[in-house]
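Q: Handing over data-v7.txt, compact mmCIF, N, CA and C atoms.
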# COMPACT_ATOMS: atom_id res chain seq x y z
N MET A 214 9.56 -11.26 5.61
CA MET A 214 8.75 -10.88 4.46
C MET A 214 9.41 -9.68 3.77
N GLU A 215 9.43 -9.73 2.47
CA GLU A 215 10.00 -8.65 1.68
C GLU A 215 9.06 -7.45 1.67
N SER A 216 9.63 -6.26 1.79
CA SER A 216 8.80 -5.05 1.85
C SER A 216 8.41 -4.58 0.45
N PHE A 217 7.13 -4.26 0.30
CA PHE A 217 6.62 -3.74 -0.96
C PHE A 217 6.63 -2.22 -1.02
N VAL A 218 6.84 -1.55 0.11
CA VAL A 218 6.82 -0.09 0.12
C VAL A 218 8.22 0.47 -0.02
N VAL A 219 8.29 1.66 -0.60
CA VAL A 219 9.55 2.39 -0.66
C VAL A 219 9.63 3.17 0.65
N VAL A 220 10.36 2.63 1.59
CA VAL A 220 10.40 3.16 2.95
C VAL A 220 10.77 4.64 2.96
N SER A 221 11.77 5.01 2.20
CA SER A 221 12.22 6.41 2.20
C SER A 221 11.13 7.36 1.71
N LYS A 222 10.35 6.94 0.72
CA LYS A 222 9.27 7.79 0.21
C LYS A 222 8.12 7.90 1.21
N VAL A 223 7.82 6.82 1.88
CA VAL A 223 6.75 6.85 2.88
C VAL A 223 7.16 7.72 4.06
N LYS A 224 8.40 7.58 4.51
CA LYS A 224 8.89 8.43 5.60
C LYS A 224 8.85 9.90 5.18
N LYS A 225 9.24 10.17 3.95
CA LYS A 225 9.22 11.54 3.44
C LYS A 225 7.79 12.09 3.39
N LEU A 226 6.85 11.28 2.94
CA LEU A 226 5.44 11.68 2.89
C LEU A 226 4.94 12.07 4.28
N ILE A 227 5.22 11.24 5.26
CA ILE A 227 4.77 11.51 6.63
C ILE A 227 5.46 12.75 7.19
N LYS A 228 6.73 12.91 6.91
CA LYS A 228 7.48 14.07 7.38
C LYS A 228 6.94 15.35 6.76
N GLU A 229 6.66 15.32 5.44
CA GLU A 229 6.16 16.51 4.75
C GLU A 229 4.75 16.87 5.16
N ARG A 230 3.92 15.88 5.42
CA ARG A 230 2.52 16.15 5.78
C ARG A 230 2.35 16.72 7.18
N GLN A 231 3.15 16.19 8.13
CA GLN A 231 2.91 16.59 9.52
C GLN A 231 4.20 16.90 10.27
N GLY A 232 5.35 16.68 9.64
CA GLY A 232 6.61 16.91 10.34
C GLY A 232 6.95 15.79 11.32
N PHE A 233 6.29 14.65 11.16
CA PHE A 233 6.48 13.53 12.07
C PHE A 233 7.58 12.60 11.59
N ASN A 234 8.16 11.89 12.54
CA ASN A 234 9.07 10.80 12.24
C ASN A 234 8.25 9.53 12.06
N THR A 235 8.88 8.50 11.54
CA THR A 235 8.20 7.22 11.34
C THR A 235 9.03 6.11 11.95
N SER A 236 8.42 5.37 12.84
CA SER A 236 9.06 4.22 13.45
C SER A 236 9.18 3.10 12.42
N GLN A 237 10.26 2.36 12.49
CA GLN A 237 10.44 1.23 11.57
C GLN A 237 9.33 0.20 11.76
N SER A 238 8.77 0.12 12.96
CA SER A 238 7.72 -0.86 13.24
C SER A 238 6.43 -0.58 12.45
N PHE A 239 6.26 0.63 11.95
CA PHE A 239 5.07 0.99 11.18
C PHE A 239 4.98 0.20 9.87
N PHE A 240 6.12 -0.18 9.32
CA PHE A 240 6.14 -0.79 8.00
C PHE A 240 5.71 -2.25 7.97
N GLU A 241 5.80 -2.94 9.10
CA GLU A 241 5.38 -4.35 9.13
C GLU A 241 3.88 -4.52 8.89
N PRO A 242 3.01 -3.84 9.66
CA PRO A 242 1.58 -4.00 9.37
C PRO A 242 1.18 -3.42 8.02
N LEU A 243 1.85 -2.36 7.60
CA LEU A 243 1.58 -1.76 6.29
C LEU A 243 1.87 -2.77 5.19
N ASN A 244 3.01 -3.42 5.26
CA ASN A 244 3.39 -4.39 4.25
C ASN A 244 2.48 -5.62 4.29
N SER A 245 2.10 -6.03 5.48
CA SER A 245 1.19 -7.16 5.62
C SER A 245 -0.16 -6.86 4.96
N ASP A 246 -0.65 -5.64 5.14
CA ASP A 246 -1.91 -5.22 4.53
C ASP A 246 -1.79 -5.24 3.01
N LEU A 247 -0.69 -4.74 2.49
CA LEU A 247 -0.49 -4.74 1.03
C LEU A 247 -0.44 -6.17 0.48
N THR A 248 0.23 -7.06 1.20
CA THR A 248 0.31 -8.45 0.78
C THR A 248 -1.08 -9.06 0.70
N SER A 249 -1.88 -8.81 1.71
CA SER A 249 -3.26 -9.32 1.72
C SER A 249 -4.07 -8.74 0.55
N SER A 250 -3.92 -7.45 0.31
CA SER A 250 -4.64 -6.80 -0.80
C SER A 250 -4.23 -7.37 -2.15
N ILE A 251 -2.94 -7.61 -2.31
CA ILE A 251 -2.44 -8.18 -3.57
C ILE A 251 -2.98 -9.59 -3.76
N ASN A 252 -2.98 -10.39 -2.70
CA ASN A 252 -3.52 -11.75 -2.79
C ASN A 252 -4.99 -11.74 -3.18
N GLN A 253 -5.76 -10.83 -2.62
CA GLN A 253 -7.18 -10.71 -2.98
C GLN A 253 -7.35 -10.28 -4.43
N ALA A 254 -6.49 -9.39 -4.90
CA ALA A 254 -6.55 -8.96 -6.30
C ALA A 254 -6.21 -10.11 -7.25
N ILE A 255 -5.24 -10.91 -6.86
CA ILE A 255 -4.88 -12.10 -7.66
C ILE A 255 -6.09 -13.03 -7.77
N GLU A 256 -6.75 -13.26 -6.64
CA GLU A 256 -7.94 -14.12 -6.63
C GLU A 256 -9.02 -13.56 -7.55
N HIS A 257 -9.22 -12.25 -7.50
CA HIS A 257 -10.26 -11.63 -8.32
C HIS A 257 -9.92 -11.75 -9.81
N ALA A 258 -8.69 -11.45 -10.17
CA ALA A 258 -8.27 -11.54 -11.58
C ALA A 258 -8.40 -12.97 -12.09
N THR A 259 -8.04 -13.93 -11.25
CA THR A 259 -8.15 -15.34 -11.63
C THR A 259 -9.61 -15.73 -11.82
N LYS A 260 -10.45 -15.28 -10.90
CA LYS A 260 -11.89 -15.56 -10.98
C LYS A 260 -12.50 -14.97 -12.26
N MET A 261 -11.97 -13.84 -12.70
CA MET A 261 -12.46 -13.17 -13.90
C MET A 261 -11.81 -13.74 -15.18
N ASN A 262 -10.99 -14.78 -15.00
CA ASN A 262 -10.31 -15.45 -16.12
C ASN A 262 -9.39 -14.52 -16.91
N ARG A 263 -8.73 -13.62 -16.20
CA ARG A 263 -7.76 -12.73 -16.85
C ARG A 263 -6.34 -13.18 -16.57
N LYS A 264 -5.44 -12.77 -17.42
CA LYS A 264 -4.03 -13.12 -17.26
C LYS A 264 -3.23 -11.97 -16.67
N THR A 265 -3.93 -10.89 -16.32
CA THR A 265 -3.27 -9.70 -15.79
C THR A 265 -4.04 -9.19 -14.58
N VAL A 266 -3.31 -8.92 -13.51
CA VAL A 266 -3.91 -8.26 -12.35
C VAL A 266 -3.98 -6.78 -12.69
N MET A 267 -5.16 -6.21 -12.52
CA MET A 267 -5.38 -4.80 -12.88
C MET A 267 -5.79 -4.01 -11.63
N GLY A 268 -5.78 -2.71 -11.75
CA GLY A 268 -6.19 -1.86 -10.65
C GLY A 268 -7.58 -2.15 -10.15
N ARG A 269 -8.47 -2.47 -11.08
CA ARG A 269 -9.86 -2.71 -10.71
C ARG A 269 -10.06 -4.02 -9.95
N ASP A 270 -9.02 -4.83 -9.82
CA ASP A 270 -9.10 -6.06 -9.04
C ASP A 270 -9.02 -5.80 -7.54
N PHE A 271 -8.69 -4.59 -7.14
CA PHE A 271 -8.61 -4.25 -5.73
C PHE A 271 -9.95 -3.76 -5.23
N SER A 272 -10.32 -4.19 -4.03
CA SER A 272 -11.62 -3.81 -3.46
C SER A 272 -11.71 -2.31 -3.20
N PHE A 273 -10.58 -1.64 -3.10
CA PHE A 273 -10.55 -0.20 -2.81
C PHE A 273 -10.29 0.63 -4.07
N TYR A 274 -10.52 0.03 -5.23
CA TYR A 274 -10.23 0.69 -6.52
C TYR A 274 -10.86 2.08 -6.62
N ARG A 275 -10.08 3.00 -7.16
CA ARG A 275 -10.57 4.35 -7.46
C ARG A 275 -10.19 4.69 -8.89
N GLU A 276 -11.15 5.16 -9.64
CA GLU A 276 -10.90 5.58 -11.02
C GLU A 276 -10.11 6.88 -11.00
N MET A 277 -8.91 6.85 -11.54
CA MET A 277 -8.10 8.06 -11.64
C MET A 277 -6.87 7.81 -12.49
N ASP A 278 -6.21 8.90 -12.84
CA ASP A 278 -4.98 8.79 -13.60
C ASP A 278 -3.87 8.24 -12.70
N ASP A 279 -2.74 7.95 -13.30
CA ASP A 279 -1.60 7.48 -12.51
C ASP A 279 -1.23 8.52 -11.46
N VAL A 280 -0.76 8.05 -10.34
CA VAL A 280 -0.34 8.94 -9.26
C VAL A 280 1.06 9.48 -9.55
N GLU A 281 1.34 10.65 -9.01
CA GLU A 281 2.66 11.26 -9.20
C GLU A 281 3.74 10.52 -8.43
N ASN A 282 3.43 10.17 -7.20
CA ASN A 282 4.42 9.61 -6.29
C ASN A 282 4.11 8.15 -6.00
N VAL A 283 4.77 7.25 -6.70
CA VAL A 283 4.56 5.82 -6.48
C VAL A 283 5.30 5.43 -5.21
N LEU A 284 4.55 4.87 -4.24
CA LEU A 284 5.10 4.56 -2.92
C LEU A 284 5.41 3.09 -2.74
N VAL A 285 5.28 2.30 -3.80
CA VAL A 285 5.54 0.86 -3.74
C VAL A 285 6.63 0.49 -4.74
N VAL A 286 7.26 -0.65 -4.49
CA VAL A 286 8.33 -1.14 -5.36
C VAL A 286 7.70 -2.02 -6.44
N ALA A 287 7.59 -1.46 -7.63
CA ALA A 287 6.90 -2.14 -8.73
C ALA A 287 7.53 -3.50 -9.05
N SER A 288 8.84 -3.56 -9.10
CA SER A 288 9.50 -4.82 -9.47
C SER A 288 9.20 -5.93 -8.47
N LYS A 289 9.14 -5.60 -7.18
CA LYS A 289 8.85 -6.62 -6.16
C LYS A 289 7.40 -7.08 -6.25
N ILE A 290 6.50 -6.15 -6.53
CA ILE A 290 5.09 -6.51 -6.64
C ILE A 290 4.86 -7.38 -7.86
N LYS A 291 5.44 -6.99 -8.99
CA LYS A 291 5.31 -7.79 -10.21
C LYS A 291 5.88 -9.20 -10.01
N LYS A 292 7.03 -9.26 -9.36
CA LYS A 292 7.68 -10.55 -9.10
C LYS A 292 6.81 -11.42 -8.19
N PHE A 293 6.24 -10.83 -7.15
CA PHE A 293 5.37 -11.55 -6.22
C PHE A 293 4.14 -12.11 -6.93
N ILE A 294 3.49 -11.27 -7.73
CA ILE A 294 2.29 -11.69 -8.45
C ILE A 294 2.61 -12.80 -9.44
N LYS A 295 3.70 -12.65 -10.16
CA LYS A 295 4.11 -13.66 -11.15
C LYS A 295 4.42 -14.99 -10.46
N ALA A 296 5.17 -14.94 -9.35
CA ALA A 296 5.55 -16.16 -8.64
C ALA A 296 4.33 -16.84 -8.00
N LYS A 297 3.43 -16.05 -7.48
CA LYS A 297 2.26 -16.59 -6.77
C LYS A 297 1.21 -17.15 -7.73
N SER A 298 1.05 -16.50 -8.88
CA SER A 298 -0.09 -16.85 -9.74
C SER A 298 0.24 -17.07 -11.21
N GLY A 299 1.41 -16.61 -11.63
CA GLY A 299 1.75 -16.69 -13.05
C GLY A 299 1.13 -15.55 -13.86
N LEU A 300 0.41 -14.64 -13.17
CA LEU A 300 -0.26 -13.54 -13.86
C LEU A 300 0.69 -12.36 -14.08
N ASN A 301 0.35 -11.57 -15.07
CA ASN A 301 1.06 -10.32 -15.32
C ASN A 301 0.47 -9.23 -14.43
N THR A 302 1.10 -8.06 -14.43
CA THR A 302 0.67 -6.96 -13.58
C THR A 302 0.53 -5.69 -14.38
N SER A 303 -0.63 -5.08 -14.32
CA SER A 303 -0.88 -3.80 -14.96
C SER A 303 -0.18 -2.69 -14.17
N SER A 304 0.24 -1.63 -14.85
CA SER A 304 0.87 -0.50 -14.17
C SER A 304 -0.11 0.18 -13.22
N GLN A 305 -1.40 0.03 -13.47
CA GLN A 305 -2.43 0.60 -12.62
C GLN A 305 -2.38 0.05 -11.19
N VAL A 306 -1.84 -1.14 -11.04
CA VAL A 306 -1.72 -1.76 -9.71
C VAL A 306 -0.87 -0.88 -8.80
N MET A 307 0.24 -0.35 -9.33
CA MET A 307 1.13 0.47 -8.52
C MET A 307 0.44 1.76 -8.07
N SER A 308 -0.37 2.33 -8.95
CA SER A 308 -1.12 3.54 -8.60
C SER A 308 -2.13 3.25 -7.50
N GLN A 309 -2.88 2.16 -7.64
CA GLN A 309 -3.89 1.83 -6.65
C GLN A 309 -3.26 1.53 -5.28
N LEU A 310 -2.16 0.79 -5.28
CA LEU A 310 -1.49 0.50 -4.02
C LEU A 310 -0.87 1.75 -3.40
N SER A 311 -0.37 2.65 -4.23
CA SER A 311 0.20 3.91 -3.71
C SER A 311 -0.87 4.78 -3.07
N ILE A 312 -2.05 4.80 -3.69
CA ILE A 312 -3.18 5.55 -3.12
C ILE A 312 -3.53 4.96 -1.75
N LYS A 313 -3.56 3.64 -1.67
CA LYS A 313 -3.89 2.99 -0.40
C LYS A 313 -2.83 3.31 0.65
N VAL A 314 -1.55 3.22 0.29
CA VAL A 314 -0.48 3.51 1.24
C VAL A 314 -0.61 4.94 1.76
N GLU A 315 -0.88 5.88 0.87
CA GLU A 315 -1.01 7.27 1.29
C GLU A 315 -2.18 7.44 2.27
N GLU A 316 -3.30 6.83 1.97
CA GLU A 316 -4.46 6.92 2.88
C GLU A 316 -4.15 6.30 4.24
N LEU A 317 -3.46 5.17 4.24
CA LEU A 317 -3.09 4.52 5.50
C LEU A 317 -2.14 5.40 6.31
N CYS A 318 -1.22 6.06 5.61
CA CYS A 318 -0.28 6.96 6.29
C CYS A 318 -1.00 8.17 6.89
N LEU A 319 -1.92 8.75 6.14
CA LEU A 319 -2.66 9.91 6.65
C LEU A 319 -3.49 9.53 7.87
N ASN A 320 -4.08 8.35 7.84
CA ASN A 320 -4.85 7.88 8.98
C ASN A 320 -3.94 7.63 10.19
N ALA A 321 -2.77 7.07 9.94
CA ALA A 321 -1.81 6.82 11.02
C ALA A 321 -1.32 8.13 11.63
N ILE A 322 -1.11 9.14 10.80
CA ILE A 322 -0.72 10.46 11.30
C ILE A 322 -1.80 10.99 12.24
N LYS A 323 -3.04 10.86 11.81
CA LYS A 323 -4.17 11.32 12.63
C LYS A 323 -4.17 10.61 13.99
N ASN A 324 -3.93 9.31 13.97
CA ASN A 324 -3.90 8.54 15.22
C ASN A 324 -2.74 8.96 16.11
N ALA A 325 -1.58 9.26 15.52
CA ALA A 325 -0.42 9.71 16.30
C ALA A 325 -0.70 11.08 16.92
N VAL A 326 -1.35 11.97 16.16
CA VAL A 326 -1.72 13.29 16.68
C VAL A 326 -2.64 13.14 17.88
N GLU A 327 -3.64 12.28 17.75
CA GLU A 327 -4.59 12.05 18.84
C GLU A 327 -3.90 11.48 20.09
N SER A 328 -2.81 10.74 19.86
CA SER A 328 -2.05 10.17 20.98
C SER A 328 -0.97 11.13 21.48
N LYS A 329 -0.91 12.32 20.88
CA LYS A 329 0.04 13.37 21.27
C LYS A 329 1.49 12.91 21.14
N ARG A 330 1.75 12.24 20.01
CA ARG A 330 3.12 11.82 19.69
C ARG A 330 3.57 12.47 18.40
N LYS A 331 4.87 12.53 18.21
CA LYS A 331 5.46 13.09 16.99
C LYS A 331 6.09 12.00 16.12
N THR A 332 5.81 10.75 16.46
CA THR A 332 6.33 9.62 15.69
C THR A 332 5.17 8.70 15.34
N VAL A 333 5.06 8.36 14.07
CA VAL A 333 4.05 7.41 13.61
C VAL A 333 4.60 6.01 13.87
N MET A 334 3.78 5.21 14.58
CA MET A 334 4.22 3.88 14.98
C MET A 334 3.24 2.81 14.50
N ASP A 335 3.63 1.54 14.71
CA ASP A 335 2.76 0.44 14.30
C ASP A 335 1.40 0.51 14.97
N ARG A 336 1.34 1.00 16.19
CA ARG A 336 0.04 1.09 16.88
C ARG A 336 -0.88 2.16 16.28
N ASP A 337 -0.32 3.02 15.41
CA ASP A 337 -1.13 4.03 14.72
C ASP A 337 -1.74 3.50 13.44
N TYR A 338 -1.23 2.35 13.01
CA TYR A 338 -1.73 1.74 11.78
C TYR A 338 -3.15 1.23 11.99
N GLN A 339 -3.98 1.46 10.98
CA GLN A 339 -5.35 0.97 11.00
C GLN A 339 -5.69 0.55 9.58
N SER A 340 -6.18 -0.66 9.40
CA SER A 340 -6.51 -1.16 8.08
C SER A 340 -7.48 -0.25 7.36
N ILE A 341 -7.34 -0.16 6.06
CA ILE A 341 -8.19 0.73 5.26
C ILE A 341 -9.66 0.32 5.31
N THR A 342 -9.93 -0.93 5.55
CA THR A 342 -11.32 -1.37 5.62
C THR A 342 -12.01 -0.84 6.86
N SER A 343 -11.22 -0.51 7.88
CA SER A 343 -11.81 0.03 9.10
C SER A 343 -11.65 1.53 9.19
N VAL A 344 -11.10 2.15 8.16
CA VAL A 344 -10.91 3.60 8.13
C VAL A 344 -12.22 4.28 7.79
Starting from the coordinates I provided, produce the structure as structure tokens.
A:
Amino acid sequence: MESFVVVSKVKKLIKERQGFNTSQSFFEPLNSDLTSSINQAIEHATKMNRKTVMGRDFSFYREMDDVENVLVVASKIKKFIKAKSGLNTSSQVMSQLSIKVEELCLNAIKNAVESKRKTVMDRDYQSITSV
């Protein structure tokens, strides 16, 4: 599966927040979660008879301005949405997904701290719906 996250930016975020390293295994469940979220957003946009997937199509939508640090690869996400559904992609999608990635990373850091480790791993990942 192609990765939707900018690995270097996510690793940098985790390093800056807690000084932790990030295991490569952390990115598989993270990317799987993003894929699922994107698929659900496509379904919602289609159900609403729109030709564009928007930020508000995500169940975790938050009203806010664009984020400073985009943690996802916009071109890959746009390509995925277009290939899967033929829909266009609003720039707001990247902001919403970046917010989700950051929240997932912060939760994973918390789990690594509780496990007394200095590396964030796949076992620290927890879906946002259960956060």
Q: Tell me, as a list in words, which residues lie within 5 Å of range 309-325 of chain A, counting only N, CA and C atoms; anything in the same chain fewer than 3 positions away does not count.
A: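 Using only N, CA and C atoms, the neighbours found are Leu284, Gln305, Val306, Ser328, Lys329, Arg330, Asp337 and Tyr338 of chain A.
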Q: Could you jot down the atom C of Glu281 in chain A to atom N of Thr332 in chain A separation for me, Å, one decimal place?
A: 25.0 Å
Q: Can you work out the spacing between CA of Ile290 in chain A and CA of Phe217 in chain A in Å, to one decimal?
A: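 These two atoms are separated by 6.5 Å.
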Q: Calculate how many Å separate CA of Glu327 in chain A from CA of Ser308 in chain A, rounding to one decimal.
A: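 Computing the Euclidean distance for CA of Glu327 in chain A and CA of Ser308 in chain A yields 28.9 Å.
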Q: Can you tell me which residues surround Phe239 in chain A at a distance of at most 6.5 Å, considering all atoms listed in the file, apart from same-chain residues fewer than 6 positions away, and format the answer as an NGL selection string?
A: :A and (333-336)
Q: Restricting the calculation to all atoms listed in the file, which member of A:Phe273, A:Lys331, A:Gln339, A:Glu256 is positioned closest to Thr235 in chain A?
A: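 Once distances to Thr235 in chain A are computed over all atoms listed in the file, the minimum belongs to A:Lys331.
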Q: Measuring atom to atom with all atoms listed in the file, identify which of A:Asn262, A:Asn301, A:Ser216, A:Ser340 is nearest to Asn244 in chain A.
A: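 Answer, going by the shortest atom-to-atom distance: A:Ser216.
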Q: Any chance you could list, as an NGL selection string, the residues in chain A that come up helix (DSSP H, G or I) when DSSP is run on the backbone?
A: :A and (220-231 or 237-260 or 268-270 or 287-298 or 305-327 or 335-337 or 341-343)
Q: For Val280 in chain A, which of A:Ser221, A:Met307, A:Asn252, A:Thr302 is the closest residue, counting all atoms listed in the file?
A: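 Going through A:Ser221, A:Met307, A:Asn252, A:Thr302 one by one, the smallest distance to Val280 in chain A is for A:Met307.
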